[in-house]
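Q: As input, take start_27.txt (compact mmCIF, C-alpha atoms):
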```
# COMPACT_ATOMS: atom_id res chain seq x y z
CA MET A 111 -2.72 -7.14 26.75
CA ALA A 112 0.43 -8.78 25.47
CA THR A 113 1.41 -8.06 21.89
CA ILE A 114 1.93 -11.25 19.90
CA ILE A 115 4.69 -11.29 17.31
CA THR A 116 4.93 -14.31 15.01
CA VAL A 117 8.22 -14.98 13.27
CA THR A 118 7.43 -16.92 10.12
CA SER A 119 8.70 -17.64 6.60
CA GLY A 120 7.23 -20.74 5.03
CA LYS A 121 10.64 -21.93 3.94
CA GLY A 122 12.99 -23.63 6.41
CA GLY A 123 16.52 -22.61 7.25
CA VAL A 124 16.12 -18.92 6.49
CA GLY A 125 16.73 -17.75 10.07
CA LYS A 126 13.39 -17.87 11.89
CA THR A 127 14.76 -19.23 15.15
CA THR A 128 17.84 -17.00 15.02
CA THR A 129 15.50 -14.06 14.48
CA SER A 130 13.03 -15.12 17.19
CA ALA A 131 15.89 -15.42 19.69
CA SER A 132 17.38 -12.06 18.81
CA ILE A 133 14.09 -10.15 18.55
CA ALA A 134 12.87 -11.55 21.88
CA SER A 135 16.22 -10.79 23.54
CA GLY A 136 16.27 -7.32 22.02
CA LEU A 137 12.79 -6.52 23.33
CA ALA A 138 13.79 -7.78 26.78
CA LEU A 139 16.95 -5.65 26.69
CA ARG A 140 14.67 -2.67 26.04
CA GLY A 141 12.95 -3.48 29.33
CA PHE A 142 9.86 -5.30 28.05
CA LYS A 143 8.76 -8.47 29.77
CA THR A 144 9.00 -10.95 26.92
CA ALA A 145 8.29 -14.63 26.34
CA VAL A 146 9.49 -16.58 23.32
CA ILE A 147 7.63 -19.78 22.40
CA ASP A 148 8.89 -22.58 20.17
CA PHE A 149 6.00 -23.87 18.02
CA ASP A 150 8.10 -26.51 16.27
CA VAL A 151 6.72 -29.55 18.08
CA GLY A 152 8.89 -32.59 17.51
CA LEU A 153 11.87 -30.60 16.26
CA ARG A 154 12.59 -28.12 19.00
CA ASN A 155 15.64 -25.93 18.53
CA LEU A 156 14.92 -22.60 20.13
CA ASP A 157 16.24 -24.02 23.44
CA LEU A 158 19.64 -24.64 21.79
CA ILE A 159 19.79 -21.21 20.19
CA MET A 160 18.86 -19.60 23.53
CA GLY A 161 21.35 -21.81 25.39
CA CYS A 162 18.84 -23.27 27.83
CA GLU A 163 18.56 -26.83 26.48
CA ARG A 164 19.77 -28.40 29.71
CA ARG A 165 17.19 -26.62 31.79
CA VAL A 166 14.13 -27.90 29.92
CA VAL A 167 11.88 -29.84 32.27
CA TYR A 168 8.37 -29.11 31.04
CA ASP A 169 7.31 -27.87 27.63
CA PHE A 170 4.54 -26.08 25.72
CA VAL A 171 2.49 -29.26 25.21
CA ASN A 172 2.77 -30.16 28.90
CA VAL A 173 1.23 -26.79 29.71
CA ILE A 174 -1.53 -27.16 27.11
CA GLN A 175 -2.42 -30.61 28.41
CA GLY A 176 -2.32 -29.50 32.03
CA ASP A 177 0.64 -31.69 33.08
CA ALA A 178 2.50 -28.60 34.23
CA ASN A 179 1.61 -25.00 34.84
CA LEU A 180 3.08 -22.14 32.86
CA HIS A 181 5.25 -21.03 35.75
CA GLN A 182 6.95 -24.45 35.87
CA ALA A 183 7.55 -24.59 32.14
CA LEU A 184 8.89 -21.08 31.51
CA ILE A 185 12.69 -20.98 31.56
CA LYS A 186 14.28 -17.75 32.67
CA ASP A 187 16.90 -16.53 30.21
CA LYS A 188 20.52 -16.31 31.38
CA HIS A 189 21.34 -13.11 29.52
CA CYS A 190 18.26 -10.93 29.95
CA GLU A 191 16.36 -10.09 33.08
CA ASN A 192 12.86 -9.96 31.52
CA LEU A 193 13.03 -12.87 29.11
CA PHE A 194 11.47 -16.33 29.36
CA VAL A 195 11.59 -19.29 27.01
CA LEU A 196 8.79 -21.80 26.49
CA PRO A 197 10.30 -24.80 24.69
CA ALA A 198 8.45 -27.07 22.26
CA SER A 199 7.81 -30.70 23.05
CA GLN A 200 10.34 -33.04 21.50
CA THR A 201 8.26 -36.19 21.77
CA ARG A 202 4.68 -35.27 21.07
CA ASP A 203 2.75 -35.04 17.89
CA LYS A 204 2.23 -31.59 16.41
CA ASP A 205 -1.53 -32.03 16.68
CA ALA A 206 -1.09 -31.68 20.44
CA LEU A 207 -1.15 -27.94 19.77
CA THR A 208 -4.87 -27.27 19.91
CA GLU A 209 -6.18 -23.85 19.03
CA GLU A 210 -7.90 -23.57 22.38
CA GLY A 211 -4.78 -24.72 24.22
CA VAL A 212 -2.55 -22.21 22.46
CA GLU A 213 -5.06 -19.43 23.10
CA ASN A 214 -5.19 -20.26 26.80
CA VAL A 215 -1.41 -20.17 27.14
CA LEU A 216 -1.25 -16.80 25.37
CA LYS A 217 -4.01 -15.42 27.60
CA GLU A 218 -2.23 -16.66 30.70
CA LEU A 219 1.00 -14.96 29.55
CA ALA A 220 -0.91 -11.69 29.11
CA HIS A 221 -2.41 -12.18 32.54
CA GLN A 222 1.07 -12.61 34.02
CA GLY A 223 2.02 -9.17 32.73
CA PHE A 224 4.04 -10.07 29.65
CA ASP A 225 4.40 -7.17 27.19
CA TYR A 226 5.45 -9.26 24.20
CA VAL A 227 5.10 -12.90 23.18
CA VAL A 228 7.32 -13.96 20.28
CA CYS A 229 6.07 -17.09 18.47
CA ASP A 230 8.81 -18.97 16.63
CA SER A 231 6.97 -20.72 13.80
CA PRO A 232 8.05 -24.04 12.28
CA ALA A 233 8.75 -24.16 8.55
CA GLY A 234 5.99 -25.22 6.19
CA ILE A 235 2.30 -24.36 6.15
CA GLU A 236 1.00 -27.18 8.28
CA HIS A 237 -0.67 -27.24 11.66
CA GLY A 238 2.23 -25.96 13.78
CA ALA A 239 2.86 -23.03 11.44
CA ILE A 240 -0.85 -22.17 11.34
CA MET A 241 -1.07 -22.30 15.16
CA ALA A 242 1.93 -19.98 15.41
CA LEU A 243 0.28 -17.33 13.25
CA THR A 244 -3.36 -17.71 14.31
CA PHE A 245 -3.16 -15.24 17.20
CA ALA A 246 -0.57 -12.87 15.73
CA ASP A 247 -0.80 -9.10 16.09
CA HIS A 248 2.42 -8.68 14.14
CA ALA A 249 4.17 -11.01 11.72
CA ILE A 250 7.85 -10.78 10.97
CA VAL A 251 8.34 -12.52 7.64
CA VAL A 252 11.93 -13.73 7.41
CA THR A 253 13.11 -13.91 3.81
CA ASN A 254 16.42 -14.78 2.15
CA PRO A 255 17.40 -13.11 -1.12
CA GLU A 256 16.65 -16.27 -3.06
CA VAL A 257 13.72 -17.34 -5.25
CA SER A 258 12.21 -20.15 -3.19
CA SER A 259 12.30 -18.14 0.01
CA VAL A 260 10.58 -15.14 -1.60
CA ARG A 261 7.87 -17.31 -3.10
CA ASP A 262 7.24 -19.10 0.19
CA SER A 263 7.09 -15.77 2.02
CA ASP A 264 4.39 -14.64 -0.37
CA ARG A 265 2.45 -17.83 0.33
CA ILE A 266 2.71 -17.32 4.07
CA LEU A 267 1.47 -13.72 3.65
CA GLY A 268 -1.59 -15.11 1.88
CA ILE A 269 -2.18 -17.50 4.77
CA LEU A 270 -1.81 -14.69 7.32
CA GLN A 271 -4.43 -12.74 5.41
CA SER A 272 -6.87 -15.63 5.46
CA LYS A 273 -6.25 -17.80 8.52
CA SER A 274 -5.22 -15.45 11.31
CA ARG A 275 -7.85 -14.65 13.93
CA ARG A 276 -7.62 -11.01 12.98
CA ALA A 277 -8.51 -11.89 9.39
CA ILE A 278 -11.27 -14.33 10.30
CA GLU A 279 -12.90 -11.91 12.73
CA GLY A 280 -12.54 -9.01 10.31
CA ARG A 281 -10.47 -6.97 12.73
CA GLU A 282 -7.55 -4.76 11.79
CA PRO A 283 -5.21 -7.04 9.82
CA VAL A 284 -1.99 -8.53 11.20
CA LYS A 285 0.83 -6.00 10.83
CA GLU A 286 3.34 -7.50 8.42
CA HIS A 287 7.06 -6.76 8.52
CA LEU A 288 9.71 -7.91 6.08
CA LEU A 289 13.05 -8.97 7.51
CA VAL A 290 15.63 -9.86 4.89
CA THR A 291 18.32 -12.13 6.31
CA ARG A 292 21.61 -13.56 5.03
CA TYR A 293 22.05 -10.50 2.85
CA ASP A 294 25.30 -10.12 0.96
CA PRO A 295 25.67 -6.48 -0.18
CA LYS A 296 28.53 -7.33 -2.53
CA ARG A 297 26.65 -10.01 -4.42
CA ALA A 298 23.51 -7.85 -4.49
CA GLU A 299 25.44 -4.92 -5.91
CA GLU A 300 27.00 -7.12 -8.58
CA GLY A 301 23.57 -8.28 -9.72
CA GLU A 302 24.12 -11.81 -8.50
CA MET A 303 21.58 -11.65 -5.70
CA LEU A 304 18.13 -10.10 -5.34
CA THR A 305 18.43 -6.74 -3.58
CA TYR A 306 16.33 -5.94 -0.53
CA THR A 307 14.40 -3.43 -2.64
CA ASP A 308 13.64 -6.18 -5.20
CA ILE A 309 12.26 -8.36 -2.42
CA GLN A 310 10.23 -5.54 -0.96
CA GLU A 311 8.80 -4.73 -4.39
CA LEU A 312 7.81 -8.35 -4.87
CA LEU A 313 6.25 -8.90 -1.45
CA ARG A 314 4.88 -5.36 -0.97
CA ILE A 315 5.18 -5.18 2.80
CA PRO A 316 7.13 -2.66 4.92
CA LEU A 317 10.79 -3.42 5.50
CA LEU A 318 11.75 -3.96 9.14
CA GLY A 319 15.42 -4.60 8.53
CA VAL A 320 18.18 -6.27 6.60
CA ILE A 321 20.46 -8.68 8.44
CA PRO A 322 23.77 -9.25 6.69
CA GLU A 323 25.16 -12.72 6.02
CA SER A 324 27.73 -13.34 8.72
CA GLU A 325 29.79 -16.00 10.43
CA VAL A 326 28.68 -14.44 13.72
CA VAL A 327 25.33 -16.24 13.47
CA LEU A 328 27.00 -19.66 13.57
CA GLN A 329 29.34 -18.57 16.36
CA ALA A 330 26.31 -17.41 18.32
CA SER A 331 24.36 -20.63 17.83
CA ASN A 332 27.44 -22.72 18.66
CA GLN A 333 27.53 -21.05 22.06
CA GLY A 334 23.81 -20.79 22.65
CA ILE A 335 23.91 -17.02 22.90
CA PRO A 336 21.47 -15.12 20.65
CA ALA A 337 23.28 -13.18 17.90
CA ILE A 338 22.07 -9.83 19.22
CA HIS A 339 24.45 -10.26 22.18
CA GLN A 340 27.50 -10.37 19.88
CA LYS A 341 28.27 -6.75 20.68
CA GLY A 342 29.58 -4.50 17.95
CA THR A 343 28.98 -6.95 15.10
CA PRO A 344 26.88 -5.89 12.07
CA VAL A 345 24.40 -8.72 12.75
CA ALA A 346 23.79 -7.63 16.34
CA GLU A 347 23.44 -3.99 15.33
CA ALA A 348 21.15 -4.78 12.41
CA TYR A 349 18.87 -6.70 14.81
CA ALA A 350 19.00 -3.85 17.33
CA ASP A 351 18.02 -1.40 14.57
CA ALA A 352 15.16 -3.65 13.51
CA ILE A 353 13.84 -3.70 17.08
CA GLY A 354 14.10 0.09 17.22
CA ARG A 355 12.06 0.34 14.01
CA PHE A 356 9.52 -2.14 15.37
CA LEU A 357 9.08 0.16 18.36
CA GLY A 358 8.46 3.10 16.05
CA GLU A 359 11.93 4.66 15.96
CA THR A 360 13.65 5.74 12.76
CA HIS A 361 16.99 4.15 11.98
CA PRO A 362 18.71 4.38 8.61
CA LEU A 363 19.48 1.02 7.02
CA ARG A 364 23.03 -0.09 7.70
CA PHE A 365 25.24 -2.83 6.28
CA VAL A 366 23.39 -2.88 2.96
CA ASP A 367 25.96 -1.11 0.80
CA TYR A 368 29.10 -2.71 -0.45
CA GLU A 369 32.31 -0.76 0.03
CA LYS A 370 34.97 -1.70 -2.44
CA PRO A 371 38.14 -2.56 -0.54
CA GLY A 372 40.92 -0.01 -1.05
CA LEU A 373 44.18 -0.91 -2.76
CA LEU A 374 46.06 -1.41 0.49
CA LYS A 375 43.39 -3.67 1.85
CA ARG A 376 43.42 -5.71 -1.34
CA LEU A 377 47.20 -6.04 -1.22
CA PHE A 378 47.52 -6.87 2.43
CA GLY A 379 44.25 -8.67 2.99
CA GLY A 380 42.41 -8.46 6.27
CA LYS A 381 38.71 -8.19 6.82
CA MET B 238 31.38 -17.91 -21.49
CA SER B 239 34.09 -16.11 -23.41
CA TRP B 240 37.78 -16.50 -22.63
CA LEU B 241 37.80 -12.90 -21.35
CA SER B 242 35.22 -13.61 -18.71
CA LEU B 243 37.10 -16.76 -17.80
CA ILE B 244 40.22 -14.71 -17.14
CA PHE B 245 38.54 -11.90 -15.28
CA GLY B 246 36.11 -14.13 -13.44
CA GLU B 247 33.08 -12.16 -14.58
CA LYS B 248 29.92 -13.46 -12.95
CA LYS B 249 26.51 -13.50 -14.53
CA ALA B 250 24.02 -10.98 -13.24
CA THR B 251 21.23 -13.46 -12.60
CA ALA B 252 19.28 -11.48 -9.99
CA SER B 253 17.19 -9.76 -12.67
CA VAL B 254 16.17 -13.16 -14.03
CA ALA B 255 15.16 -14.21 -10.52
CA LYS B 256 13.10 -11.07 -10.08
CA GLU B 257 11.25 -11.49 -13.36
CA ARG B 258 10.45 -15.12 -12.67
CA LEU B 259 9.21 -14.26 -9.20
CA GLN B 260 7.00 -11.43 -10.48
CA LEU B 261 5.23 -13.84 -12.79
CA ILE B 262 4.84 -16.76 -10.43
CA ILE B 263 3.77 -14.63 -7.46
CA ALA B 264 1.15 -12.81 -9.53
CA ARG B 265 -0.21 -16.12 -10.73
CA GLU B 266 -0.29 -17.70 -7.30
CA ARG B 267 -1.94 -14.65 -5.76
CA ALA B 268 -4.63 -14.77 -8.42
CA GLY B 269 -5.13 -18.46 -7.67
CA VAL B 270 -5.55 -17.82 -3.95
CA ALA B 271 -8.07 -15.03 -4.55
CA GLY B 272 -10.57 -17.25 -6.33
CA PRO B 273 -11.08 -19.98 -8.89
CA ASP B 274 -9.36 -19.47 -12.20
CA PHE B 275 -12.34 -18.56 -14.35
CA LEU B 276 -10.35 -16.93 -17.13
CA PRO B 277 -10.41 -19.86 -19.58
CA ASP B 278 -14.20 -20.15 -19.22
CA LEU B 279 -14.62 -16.42 -19.61
CA GLN B 280 -12.53 -16.54 -22.74
CA LYS B 281 -14.66 -19.35 -24.16
CA ASP B 282 -17.90 -17.48 -23.49
CA LEU B 283 -16.54 -14.28 -24.97
CA ILE B 284 -15.54 -16.09 -28.13
CA ALA B 285 -19.04 -17.57 -28.39
CA VAL B 286 -20.70 -14.15 -28.02
CA ILE B 287 -18.42 -12.24 -30.32
CA THR B 288 -18.44 -14.79 -33.12
CA LYS B 289 -22.23 -14.23 -33.27
CA TYR B 290 -21.54 -10.79 -34.70
CA VAL B 291 -18.04 -10.80 -36.08
CA ARG B 292 -16.08 -13.59 -37.68
CA ILE B 293 -12.90 -13.88 -35.72
CA ASN B 294 -10.36 -16.47 -34.81
CA PRO B 295 -10.53 -17.85 -31.28
CA ASP B 296 -6.88 -16.88 -30.99
CA ASP B 297 -7.76 -13.23 -31.55
CA ILE B 298 -9.29 -12.93 -28.12
CA LYS B 299 -6.84 -12.61 -25.25
CA VAL B 300 -8.00 -12.50 -21.65
CA GLY B 301 -5.53 -11.73 -18.90
CA LEU B 302 -5.42 -10.71 -15.28
CA GLU B 303 -3.18 -7.85 -14.35
CA LYS B 304 -2.34 -6.28 -11.04
CA GLN B 305 -2.24 -2.49 -10.85
CA GLY B 306 -1.45 -1.33 -7.35
CA ASN B 307 -4.20 -2.73 -5.14
CA TYR B 308 -6.55 -3.48 -8.03
CA GLU B 309 -6.80 -6.49 -10.21
CA VAL B 310 -7.71 -5.66 -13.77
CA ILE B 311 -9.15 -8.12 -16.25
CA GLU B 312 -7.81 -7.21 -19.62
CA VAL B 313 -9.72 -8.37 -22.69
CA ASN B 314 -8.06 -7.87 -26.02
CA ILE B 315 -10.03 -8.56 -29.18
CA VAL B 316 -8.37 -8.20 -32.54
CA LEU B 317 -10.93 -7.62 -35.32
CA PRO B 318 -10.11 -8.79 -38.84
CA GLU B 319 -9.01 -6.02 -41.18
CA ASN B 320 -11.50 -6.40 -44.04
CA ARG B 321 -14.92 -7.25 -42.84
```
When written as structure tokens, how does the structure in this file appear?
A:
Amino acid sequence: MATIITVTSGKGGVGKTTTSASIASGLALRGFKTAVIDFDVGLRNLDLIMGCERRVVYDFVNVIQGDANLHQALIKDKHCENLFVLPASQTRDKDALTEEGVENVLKELAHQGFDYVVCDSPAGIEHGAIMALTFADHAIVVTNPEVSSVRDSDRILGILQSKSRRAIEGREPVKEHLLVTRYDPKRAEEGEMLTYTDIQELLRIPLLGVIPESEVVLQASNQGIPAIHQKGTPVAEAYADAIGRFLGETHPLRFVDYEKPGLLKRLFGGK
Amino acid sequence: MSWLSLIFGEKKATASVAKERLQLIIARERAGVAGPDFLPDLQKDLIAVITKYVRINPDDIKVGLEKQGNYEVIEVNIVLPENR
């Protein structure tokens, strides 16, 4: 049975797609056969972040409506052997995602031997977002250290606890993971920004990782290469650590403490 | 902002304000999701019952919902007048 991981947040622009791309790539790099699905019907973007936008022929809705089979619609990733992308439809209505249709696609992926399916949720709490979390086994809640993002994350946690299949059927609840993104250790230390411990205290779910704010994310999306491939950068390593923790390994948190620059560094600049 | 902070570029530590505001709003929204907000009605009924026996001001009864760990606690606070 494939494990279904939903990347969600409620609020837009916090890094859901960036996270979906990097988590899916990271799992594939670990040798797991992984699919990543864009649930944002009408506003697809995962294809751009994954760098496969020119190879989209069929999409998720085509598969649901039987216009194409899954094999035709899945796009093999350029950077990872075991990774496949299922793009969202750009033209259809979001209601084209029927619960039954989504369930069938997920079952078919499991049947084809996928270990993980990463569902990239759209922002908001409407149909597309609900469909993305309905079948979740795990939910990665992406949160920025900022009031509206934290509040929306709490709302989405409430929805997970009431509308997911696991909740409705009274099974073991969806495993929730907090991923704090765009974190600036300096501003947090100076009391200008919520710290990751503040956010964890407010949302009361286990912390999967903290991704530092970084220009690398934009460089990665510019090129269509998921940030986790930007070797040696804090963002890539923070994502790799998060994947390790997801798989049950212990990794100390990195890139969360601010080091005051020494005198020389302050005088002569440099990063 | 004082002239000192203007010179040294001191920034306001606003994160604690953010945290406090979030604690309040999240607690309230969680309570709202859990069920209908019956607290005002409860307060009204309590006032009706208690004024049968003791003469108190409606303002002397405070009903609140508090979260303690995994439990929600309804806190009822009744202030009795000093000389009955």
Q: Could you list, as a PyMOL selection string, the residues of chain B having an atom within 6 Å of chain A when counting only C-alpha atoms?
A: chain B and resi 250-252
Q: How would the residues just picked look written out with C-alpha atoms as a short mmCIF file (atom, residue, chain, number, x, y, z; two decimals), keeping the file's coordinate frame?
A:
```cif
data_model
loop_
_atom_site.label_atom_id
_atom_site.label_comp_id
_atom_site.auth_asym_id
_atom_site.auth_seq_id
_atom_site.Cartn_x
_atom_site.Cartn_y
_atom_site.Cartn_z
CA ALA B 250 24.02 -10.98 -13.24
CA THR B 251 21.23 -13.46 -12.60
CA ALA B 252 19.28 -11.48 -9.99
#
```
Q: List as a ChimeraX atom specification the protein and nucleic acid residues near region 186-200 of chain A, meaning an atom at most 6 Å away when all atoms listed in the file are counted, but skip any in the same chain fewer than 4 places from it.
A: /A:138,143-149,151-154,169-171
Q: Compile the contact shell of region 354-369 of chain A as a list in words: residues with an atom at most 10 Å away, counting only C-alpha atoms, same-chain residues fewer than 6 positions apart removed.
A: Ile133, Gly136, Leu137, Arg140, His248, Ile250, His287, Tyr293, Asp294, Pro295, Lys296, Arg297, Ala298, Glu299, Glu300, Thr305, Tyr306, Leu317, Leu318, Gly319, Val320, Ile321, Pro322, Glu323, Pro344, Val345, Glu347 and Ala348 of chain A
Q: Quick check, in Å to one decimal: how far apart do CA of Asp351 (chain A) and CA of Gly223 (chain A) lie?
A: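 Between CA of Asp351 (chain A) and CA of Gly223 (chain A) the gap is 25.4 Å.
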Q: Report, in Å to a single decimal, how far apart CA of Gly125 (chain A) and CA of Ser274 (chain A) are.
A: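 Straight-line distance from CA of Ser274 (chain A) to CA of Gly125 (chain A) works out to 22.1 Å.
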Q: I'd like the neighbourhood of Asn214 (chain A) as a list in words, where a residue qualifies if any of its atoms comes within 12 Å (using only C-alpha atoms), though same-chain residues fewer than 6 positions away should be ignored.
A: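 My reading of the contact set: Phe170, Val171, Val173, Ile174, Gln175, Gly176, Asn179, Leu180, Leu207, Thr208, Ala220, His221 and Phe245 of chain A.
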Q: What does the distance from CA of Gly123 (chain A) to CA of Leu216 (chain A) come to in Å, to one decimal?
A: 26.0 Å
Q: How big is the axis-aligned box, and where does its centre sit, when it encloses all atoms of region 242-250 of chain A listed in the file and has 6 Å added on every side, reported in Å to one decimal as lines of an AutoDock Vina configuration file?
A:
```
center_x = 2.2
center_y = -14.3
center_z = 14.1
size_x = 23.2
size_y = 23.3
size_z = 18.2
```
Q: Check the smallest atom-to-atom distance from each of A:Pro336, A:Pro316, A:Gly342, A:Gly120 to Ser135 (chain A) using only C-alpha atoms, then report the winner.
A: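 Going through A:Pro336, A:Pro316, A:Gly342, A:Gly120 one by one, the smallest distance to Ser135 (chain A) is for A:Pro336.
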Q: Between B:Ile284, B:Leu317, B:Leu276, B:Leu302, which one has atoms that come closest to Ala264 (chain B), using all atoms listed in the file?
A: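 Counting all atoms listed in the file, the residue closest to Ala264 (chain B) is B:Leu302.
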Q: Env of Ile287 (chain B): 12 Å cut, atoms = only C-alpha atoms, seq-sep filter 6 positions within chain, self excluded. Answer as a ChimeraX atom specification.
A: /B:280-281,293-295,297-298,315-317
Q: Give me, as a PDB file with C-alpha atoms, in the coordinates of the input, all polymer residues having an atom no more than 8 Å from region 228-237 of chain A, counting all atoms listed in the file and skipping those fewer than 4 positions away in the same chain.
A:
```
ATOM      1  CA  ILE A 114       1.930 -11.250  19.900  1.00  0.00           C
ATOM      2  CA  ILE A 115       4.690 -11.290  17.310  1.00  0.00           C
ATOM      3  CA  THR A 116       4.930 -14.310  15.010  1.00  0.00           C
ATOM      4  CA  VAL A 117       8.220 -14.980  13.270  1.00  0.00           C
ATOM      5  CA  THR A 118       7.430 -16.920  10.120  1.00  0.00           C
ATOM      6  CA  SER A 119       8.700 -17.640   6.600  1.00  0.00           C
ATOM      7  CA  GLY A 120       7.230 -20.740   5.030  1.00  0.00           C
ATOM      8  CA  LYS A 121      10.640 -21.930   3.940  1.00  0.00           C
ATOM      9  CA  GLY A 122      12.990 -23.630   6.410  1.00  0.00           C
ATOM     10  CA  LYS A 126      13.390 -17.870  11.890  1.00  0.00           C
ATOM     11  CA  THR A 127      14.760 -19.230  15.150  1.00  0.00           C
ATOM     12  CA  SER A 130      13.030 -15.120  17.190  1.00  0.00           C
ATOM     13  CA  ILE A 133      14.090 -10.150  18.550  1.00  0.00           C
ATOM     14  CA  ALA A 134      12.870 -11.550  21.880  1.00  0.00           C
ATOM     15  CA  THR A 144       9.000 -10.950  26.920  1.00  0.00           C
ATOM     16  CA  ALA A 145       8.290 -14.630  26.340  1.00  0.00           C
ATOM     17  CA  VAL A 146       9.490 -16.580  23.320  1.00  0.00           C
ATOM     18  CA  ILE A 147       7.630 -19.780  22.400  1.00  0.00           C
ATOM     19  CA  ASP A 148       8.890 -22.580  20.170  1.00  0.00           C
ATOM     20  CA  PHE A 149       6.000 -23.870  18.020  1.00  0.00           C
ATOM     21  CA  ASP A 150       8.100 -26.510  16.270  1.00  0.00           C
ATOM     22  CA  LEU A 156      14.920 -22.600  20.130  1.00  0.00           C
ATOM     23  CA  LYS A 204       2.230 -31.590  16.410  1.00  0.00           C
ATOM     24  CA  ASP A 205      -1.530 -32.030  16.680  1.00  0.00           C
ATOM     25  CA  MET A 241      -1.070 -22.300  15.160  1.00  0.00           C
ATOM     26  CA  ALA A 242       1.930 -19.980  15.410  1.00  0.00           C
ATOM     27  CA  LEU A 243       0.280 -17.330  13.250  1.00  0.00           C
ATOM     28  CA  ILE A 266       2.710 -17.320   4.070  1.00  0.00           C
TER      29      ILE A 266
END
```
Q: Could you rebuild region 325-337 of chain A with N, CA and C atoms and give it back as a short mmCIF file (atom, residue, chain, number, x, y, z; two decimals), keeping the file's coordinate frame?
A:
```
data_model
loop_
_atom_site.label_atom_id
_atom_site.label_comp_id
_atom_site.auth_asym_id
_atom_site.auth_seq_id
_atom_site.Cartn_x
_atom_site.Cartn_y
_atom_site.Cartn_z
N GLU A 325 29.35 -14.83 9.68
CA GLU A 325 29.79 -16.00 10.43
C GLU A 325 29.40 -15.89 11.91
N VAL A 326 29.05 -14.67 12.32
CA VAL A 326 28.68 -14.44 13.72
C VAL A 326 27.46 -15.28 14.13
N VAL A 327 26.55 -15.50 13.15
CA VAL A 327 25.33 -16.24 13.47
C VAL A 327 25.67 -17.67 13.90
N LEU A 328 26.59 -18.30 13.21
CA LEU A 328 27.00 -19.66 13.57
C LEU A 328 27.75 -19.66 14.90
N GLN A 329 28.61 -18.66 15.08
CA GLN A 329 29.34 -18.57 16.36
C GLN A 329 28.35 -18.43 17.51
N ALA A 330 27.31 -17.64 17.28
CA ALA A 330 26.31 -17.41 18.32
C ALA A 330 25.56 -18.69 18.63
N SER A 331 25.14 -19.43 17.58
CA SER A 331 24.36 -20.63 17.83
C SER A 331 25.25 -21.73 18.43
N ASN A 332 26.51 -21.77 18.04
CA ASN A 332 27.44 -22.72 18.66
C ASN A 332 27.46 -22.57 20.17
N GLN A 333 27.41 -21.33 20.63
CA GLN A 333 27.53 -21.05 22.06
C GLN A 333 26.20 -20.98 22.78
N GLY A 334 25.11 -20.94 22.01
CA GLY A 334 23.81 -20.79 22.65
C GLY A 334 23.57 -19.40 23.19
N ILE A 335 24.14 -18.42 22.51
CA ILE A 335 23.91 -17.02 22.90
C ILE A 335 23.30 -16.31 21.68
N PRO A 336 22.09 -15.77 21.81
CA PRO A 336 21.47 -15.12 20.65
C PRO A 336 22.39 -14.08 20.00
N ALA A 337 22.35 -14.01 18.67
CA ALA A 337 23.28 -13.18 17.90
C ALA A 337 23.28 -11.72 18.33
#
```
